[in-house]
$ cat target_1.txt   # compact mmCIF, C-alpha atoms
# COMPACT_ATOMS: atom_id res chain seq x y z
CA MET G 1 17.26 95.04 206.95
CA ALA G 2 18.91 93.19 209.84
CA ALA G 3 22.02 95.39 209.64
CA THR G 4 20.00 98.62 209.81
CA LEU G 5 17.95 97.35 212.78
CA ALA G 6 21.11 96.32 214.59
CA CYS G 7 22.63 99.80 214.24
CA GLY G 8 19.72 101.75 215.69
CA PRO G 9 16.67 103.78 214.60
CA THR G 10 18.64 106.30 212.50
CA ALA G 11 20.55 103.67 210.51
CA VAL G 12 20.07 103.43 206.74
CA LEU G 13 21.72 101.40 204.01
CA SER G 14 24.20 103.59 202.13
CA HIS G 15 27.00 103.64 199.56
CA GLY G 16 27.41 100.37 197.64
CA SER G 17 24.74 98.56 199.68
CA ALA G 18 22.22 101.29 198.83
CA ALA G 19 23.31 101.26 195.18
CA GLU G 20 22.63 97.52 194.98
CA LEU G 21 19.20 97.93 196.58
CA TRP G 22 18.31 100.68 194.06
CA GLY G 23 19.71 98.56 191.21
CA ILE G 24 22.39 101.05 190.16
CA GLY G 25 25.54 99.43 191.54
CA SER G 26 27.08 96.58 193.50
CA GLU G 27 27.49 96.01 197.21
CA SER G 28 30.96 95.50 198.65
CA GLU G 29 31.82 91.86 199.26
CA ASP G 30 33.50 92.81 202.54
CA ALA G 31 30.65 94.44 204.47
CA VAL G 32 27.15 95.88 204.45
CA GLU G 33 27.49 99.69 204.42
CA ILE G 34 25.34 101.66 206.86
CA SER G 35 25.06 105.38 207.62
CA VAL G 36 23.78 106.59 211.00
CA ARG G 37 22.78 110.06 212.12
CA ALA G 38 23.21 109.37 215.84
CA PRO G 39 26.00 107.82 217.95
CA SER G 40 26.29 104.22 216.89
CA PRO G 41 26.82 101.10 218.95
CA ARG G 42 30.13 99.30 218.62
CA GLU G 43 31.27 98.06 215.23
CA ARG G 44 29.68 94.79 214.17
CA PRO G 45 31.25 92.04 212.06
CA GLY G 46 30.40 92.43 208.39
CA VAL G 47 29.02 95.96 208.82
CA LYS G 48 30.81 99.19 207.85
CA VAL G 49 29.29 102.15 209.68
CA TYR G 50 29.53 105.78 208.53
CA ARG G 51 28.67 108.22 211.33
CA ARG G 52 26.92 111.13 209.62
CA PRO G 53 25.08 113.44 212.03
CA ARG G 54 24.48 115.97 209.22
CA LEU G 55 22.67 113.55 206.92
CA GLU G 56 19.56 115.46 205.83
CA ASP G 57 15.96 114.27 205.76
CA ARG G 58 15.94 114.58 201.95
CA ASP G 59 18.82 112.08 201.88
CA VAL G 60 16.80 109.30 203.49
CA ALA G 61 14.15 107.09 201.90
CA VAL G 62 12.47 103.70 202.29
CA PHE G 63 12.66 101.18 199.47
CA SER G 64 11.26 97.65 199.69
CA HIS G 65 10.57 98.37 203.39
CA ILE G 66 14.28 99.02 203.98
CA PRO G 67 15.64 102.38 205.22
CA VAL G 68 18.15 103.56 202.63
CA THR G 69 19.87 106.69 201.42
CA ALA G 70 17.83 108.39 198.70
CA VAL G 71 18.90 107.89 195.09
CA VAL G 72 20.73 111.21 194.72
CA ARG G 73 22.54 110.79 198.04
CA THR G 74 23.48 107.24 197.07
CA MET G 75 24.90 108.42 193.74
CA ILE G 76 26.95 111.15 195.41
CA ASP G 77 28.30 108.73 198.03
CA CYS G 78 29.19 106.09 195.45
CA SER G 79 30.91 108.59 193.18
CA THR G 80 33.55 109.04 195.91
CA GLN G 81 34.39 105.34 195.55
CA LEU G 82 34.16 104.86 191.78
CA ASP G 83 36.32 105.82 188.83
CA ALA G 84 34.86 107.80 185.92
CA ALA G 85 33.67 104.67 184.11
CA GLY G 86 31.94 103.42 187.23
CA VAL G 87 30.17 106.75 187.73
CA GLU G 88 28.99 106.65 184.12
CA ARG G 89 27.58 103.14 184.55
CA MET G 90 25.76 104.23 187.69
CA VAL G 91 24.21 107.27 185.98
CA ASN G 92 23.18 105.13 183.00
CA GLU G 93 21.44 102.63 185.30
CA ALA G 94 19.64 105.34 187.26
CA ASP G 95 18.46 106.90 184.00
CA ALA G 96 17.38 103.56 182.50
CA ARG G 97 15.41 102.70 185.65
CA ARG G 98 13.84 106.18 185.65
CA LEU G 99 14.95 106.76 189.22
CA VAL G 100 16.01 110.34 188.58
CA ARG G 101 15.99 112.76 185.65
CA LEU G 102 19.35 114.25 184.77
CA ASP G 103 18.02 117.79 185.03
CA THR G 104 16.71 116.99 188.52
CA LEU G 105 20.02 115.42 189.49
CA ARG G 106 21.92 118.45 188.18
CA ALA G 107 19.72 120.79 190.23
CA GLU G 108 20.26 118.64 193.32
CA LEU G 109 24.02 118.85 192.86
CA GLU G 110 23.82 122.64 192.58
CA SER G 111 22.04 122.74 195.94
CA ARG G 112 24.91 120.89 197.62
CA PRO G 113 27.97 123.07 196.93
CA GLY G 114 31.29 121.75 198.12
CA GLN G 115 30.17 118.25 199.01
CA TRP G 116 32.70 115.54 198.30
CA GLY G 117 31.78 113.37 195.32
CA ILE G 118 29.76 115.93 193.39
CA ALA G 119 32.45 116.95 190.89
CA LYS G 120 32.53 113.60 189.02
CA LEU G 121 28.76 113.53 188.68
CA ARG G 122 28.51 117.15 187.57
CA ASP G 123 31.25 116.80 184.96
CA LEU G 124 29.61 113.70 183.48
CA ILE G 125 26.14 115.27 183.33
CA ASP G 126 27.40 118.51 181.82
CA ARG G 127 29.29 116.61 179.14
CA ARG G 128 26.24 114.51 178.27
CA THR G 129 23.62 117.26 178.19
CA PHE G 130 25.36 120.21 176.54
CA ARG G 131 24.44 121.13 172.98
CA LEU G 132 26.58 122.80 170.36
CA THR G 133 25.00 125.62 168.41
CA ASP G 134 24.14 124.78 164.81
CA SER G 135 27.03 126.82 163.45
CA GLU G 136 29.55 125.41 165.95
CA LEU G 137 28.36 121.87 165.31
CA GLU G 138 28.68 122.27 161.54
CA ARG G 139 32.14 123.82 161.87
CA ARG G 140 33.44 121.07 164.11
CA PHE G 141 31.82 118.24 162.17
CA LEU G 142 33.07 119.45 158.78
CA ALA G 143 36.60 119.51 160.20
CA LEU G 144 36.19 115.84 161.10
CA VAL G 145 34.80 115.11 157.64
CA GLN G 146 37.87 116.65 156.05
CA GLU G 147 40.17 114.64 158.32
CA ALA G 148 38.32 111.44 157.39
CA GLY G 149 38.90 112.14 153.69
CA LEU G 150 35.28 112.66 152.67
CA GLY G 151 34.28 115.43 150.33
CA PRO G 152 31.97 118.20 151.51
CA PRO G 153 28.40 117.01 152.18
CA ALA G 154 25.09 118.51 151.21
CA THR G 155 23.38 120.01 154.26
CA GLY G 156 19.75 120.52 155.17
CA ARG G 157 18.44 118.40 152.30
CA TYR G 158 15.12 116.53 152.43
CA LEU G 159 15.35 112.77 151.85
CA ASN G 160 12.53 110.27 152.11
CA GLY G 161 10.36 112.89 153.78
CA PHE G 162 12.95 113.90 156.40
CA LYS G 163 15.33 116.84 156.60
CA VAL G 164 18.84 115.42 157.15
CA ASP G 165 21.88 117.10 158.64
CA PHE G 166 24.60 115.88 156.25
CA PHE G 167 24.35 113.85 153.03
CA TRP G 168 26.86 112.44 150.51
CA PRO G 169 24.82 111.53 147.38
CA ARG G 170 27.59 109.53 145.66
CA LEU G 171 28.12 107.39 148.74
CA GLY G 172 24.49 107.23 149.79
CA LEU G 173 25.63 108.24 153.28
CA VAL G 174 23.39 110.18 155.69
CA VAL G 175 24.73 111.54 158.98
CA GLU G 176 22.52 112.92 161.73
CA THR G 177 23.82 114.71 164.83
CA ASP G 178 21.83 114.58 168.06
CA GLY G 179 22.05 116.82 171.10
CA LEU G 180 20.71 116.41 174.64
CA THR G 181 20.52 112.64 174.26
CA TYR G 182 19.33 112.02 177.80
CA HIS G 183 16.43 114.46 177.47
CA ARG G 184 14.95 113.02 174.28
CA THR G 185 11.43 111.73 174.80
CA PRO G 186 10.41 108.19 173.79
CA ALA G 187 8.43 109.74 170.91
CA GLN G 188 11.52 111.58 169.65
CA GLN G 189 13.63 108.45 169.93
CA LYS G 190 11.01 106.46 168.00
CA ARG G 191 11.02 109.10 165.26
CA ASP G 192 14.81 108.83 165.03
CA HIS G 193 14.54 105.07 164.60
CA VAL G 194 11.88 105.48 161.91
CA ARG G 195 14.10 107.99 160.07
CA ASP G 196 17.06 105.61 160.09
CA GLN G 197 14.93 102.64 159.08
CA THR G 198 13.36 104.61 156.22
CA HIS G 199 16.76 105.68 154.89
CA THR G 200 18.06 102.11 155.14
CA ALA G 201 15.03 100.74 153.30
CA ALA G 202 15.70 103.29 150.54
CA GLY G 203 19.25 101.94 150.09
CA LEU G 204 21.06 104.65 152.07
CA THR G 205 23.48 104.23 154.97
CA PRO G 206 22.52 106.28 158.04
CA LEU G 207 24.99 107.17 160.79
CA ARG G 208 24.13 109.04 163.97
CA PHE G 209 26.55 110.90 166.26
CA THR G 210 25.86 112.87 169.42
CA HIS G 211 27.09 116.40 169.99
CA GLU G 212 29.23 114.93 172.78
CA GLN G 213 30.98 112.64 170.30
CA VAL G 214 31.60 115.48 167.84
CA ARG G 215 33.04 117.64 170.61
CA TYR G 216 34.95 115.13 172.75
CA GLU G 217 35.50 111.94 170.71
CA ARG G 218 37.15 113.26 167.57
CA ASN G 219 39.19 110.15 166.80
CA TYR G 220 36.18 107.87 167.14
CA VAL G 221 34.03 109.94 164.78
CA VAL G 222 36.80 110.23 162.20
CA ALA G 223 37.42 106.48 162.31
CA ARG G 224 33.72 105.63 161.83
CA LEU G 225 33.40 108.06 158.93
CA ARG G 226 36.57 106.78 157.27
CA GLU G 227 35.62 103.11 157.65
CA THR G 228 32.07 103.66 156.39
CA ALA G 229 33.21 105.67 153.40
CA ARG G 230 35.80 103.03 152.51
CA ARG G 231 33.14 100.29 152.59
CA LEU G 232 30.67 102.30 150.49
CA ARG G 233 33.29 103.16 147.89
CA ALA G 234 34.30 99.52 147.62
CA ALA G 235 30.68 98.47 147.21
CA ALA G 236 30.18 101.02 144.46

$ encode --input "target_1.txt" --output "structure tokens"
Amino acid sequence: MAATLACGPTAVLSHGSAAELWGIGSESEDAVEISVRAPSPRERPGVKVYRRPRLEDRDVAVFSHIPVTAVVRTMIDCSTQLDAAGVERMVNEADARRLVRLDTLRAELESRPGQWGIAKLRDLIDRRTFRLTDSELERRFLALVQEAGLGPPATGRYLNGFKVDFFWPRLGLVVETDGLTYHRTPAQQKRDHVRDQTHTAAGLTPLRFTHEQVRYERNYVVARLRETARRLRAAA
């Protein structure tokens, strides 16, 4: 608060300082980061000032009585300073704290074409929220199954009152594939847990992969399938 007051009436916490206030990142150890929309007084020790006359009203908020860049603006600013892993952690925190929905964030990014920092956020969101069609998912997943050395599974079978995506009866292995992970409601997530718990209680081994993993993390999926199948065969 003191830093914003010292830098004038248009000053707001921004970048890493704003991220720490929102609970989605860490403040720089070197300086408090401030953005101002008007000419700023001289630099002050321990304060990094960004002069931003075009900062929009929608980019400014008040949190805990402190003027701060709004959540979306903070995420865009921080993405210019973070690597891909850091951006992912920030998005995960914002989602977990229910500060912004991913569909809202994606729409906000679309309304800010050409702004620096948007590309990393957009690429991460698009990767996390896309969904393969049923036929494309099955084609890609069965290719991974073959690479892992499993035989062809049964598909669309009902087990323990639930329709499952892929099932290997001899192994007792059930695989489910989820899309749009970030948009699943708490009720849907609870149902997924109940499904997995029911299969486990019945002596089956449930695995769950996202569409993102099937599409982008081929080696990981193959390794998990191979390791699980090896363990189940040994147990049998």

$ closest_residue --input "target_1.txt" --among "G:Leu225, G:Val62, G:Ala201, G:Ile34" --to "Phe141 in chain G" --atoms "only C-alpha atoms"
G:Leu225

$ residues_around --input "target_1.txt" --residues "Pro153 in chain G" --least-positions-apart "4" --cutoff "12 Å" --atoms "all atoms listed in the file" --output "tab-separated table (two decimals) with C-alpha atoms, in the coordinates of the input"
chain	number	residue	atom	x	y	z
G	138	GLU	CA	28.68	122.27	161.54
G	141	PHE	CA	31.82	118.24	162.17
G	142	LEU	CA	33.07	119.45	158.78
G	143	ALA	CA	36.60	119.51	160.20
G	144	LEU	CA	36.19	115.84	161.10
G	145	VAL	CA	34.80	115.11	157.64
G	146	GLN	CA	37.87	116.65	156.05
G	149	GLY	CA	38.90	112.14	153.69
G	157	ARG	CA	18.44	118.40	152.30
G	164	VAL	CA	18.84	115.42	157.15
G	165	ASP	CA	21.88	117.10	158.64
G	166	PHE	CA	24.60	115.88	156.25
G	167	PHE	CA	24.35	113.85	153.03
G	168	TRP	CA	26.86	112.44	150.51
G	169	PRO	CA	24.82	111.53	147.38
G	170	ARG	CA	27.59	109.53	145.66
G	171	LEU	CA	28.12	107.39	148.74
G	172	GLY	CA	24.49	107.23	149.79
G	173	LEU	CA	25.63	108.24	153.28
G	174	VAL	CA	23.39	110.18	155.69
G	175	VAL	CA	24.73	111.54	158.98
G	176	GLU	CA	22.52	112.92	161.73

$ closest_residue --input "target_1.txt" --among "G:Thr133, G:Gln115, G:Ser28, G:Thr104" --to "Val72 in chain G" --atoms "all atoms listed in the file"
G:Thr104

$ atom_distance --input "target_1.txt" --atom1 "CA of Gln81 in chain G" --atom2 "CA of Ser17 in chain G"
12.5 Å

$ closest_residue --input "target_1.txt" --among "G:Arg218, G:Arg226, G:Arg106, G:Arg112" --to "Gly151 in chain G" --atoms "only C-alpha atoms"
G:Arg226

$ closest_residue --input "target_1.txt" --among "G:Thr198, G:Thr177, G:Thr205, G:Thr74" --to "Glu27 in chain G" --atoms "all atoms listed in the file"
G:Thr74

$ residues_around --input "target_1.txt" --residues "Lys48 in chain G" --least-positions-apart "5" --cutoff "10 Å" --atoms "only C-alpha atoms" --output "compact mmCIF listing (two decimals) with C-alpha atoms, in the frame of the given file"
# COMPACT_ATOMS: atom_id res chain seq x y z
CA ALA G 3 22.02 95.39 209.64
CA SER G 14 24.20 103.59 202.13
CA SER G 28 30.96 95.50 198.65
CA ASP G 30 33.50 92.81 202.54
CA ALA G 31 30.65 94.44 204.47
CA VAL G 32 27.15 95.88 204.45
CA GLU G 33 27.49 99.69 204.42
CA ILE G 34 25.34 101.66 206.86
CA SER G 35 25.06 105.38 207.62
CA GLU G 43 31.27 98.06 215.23
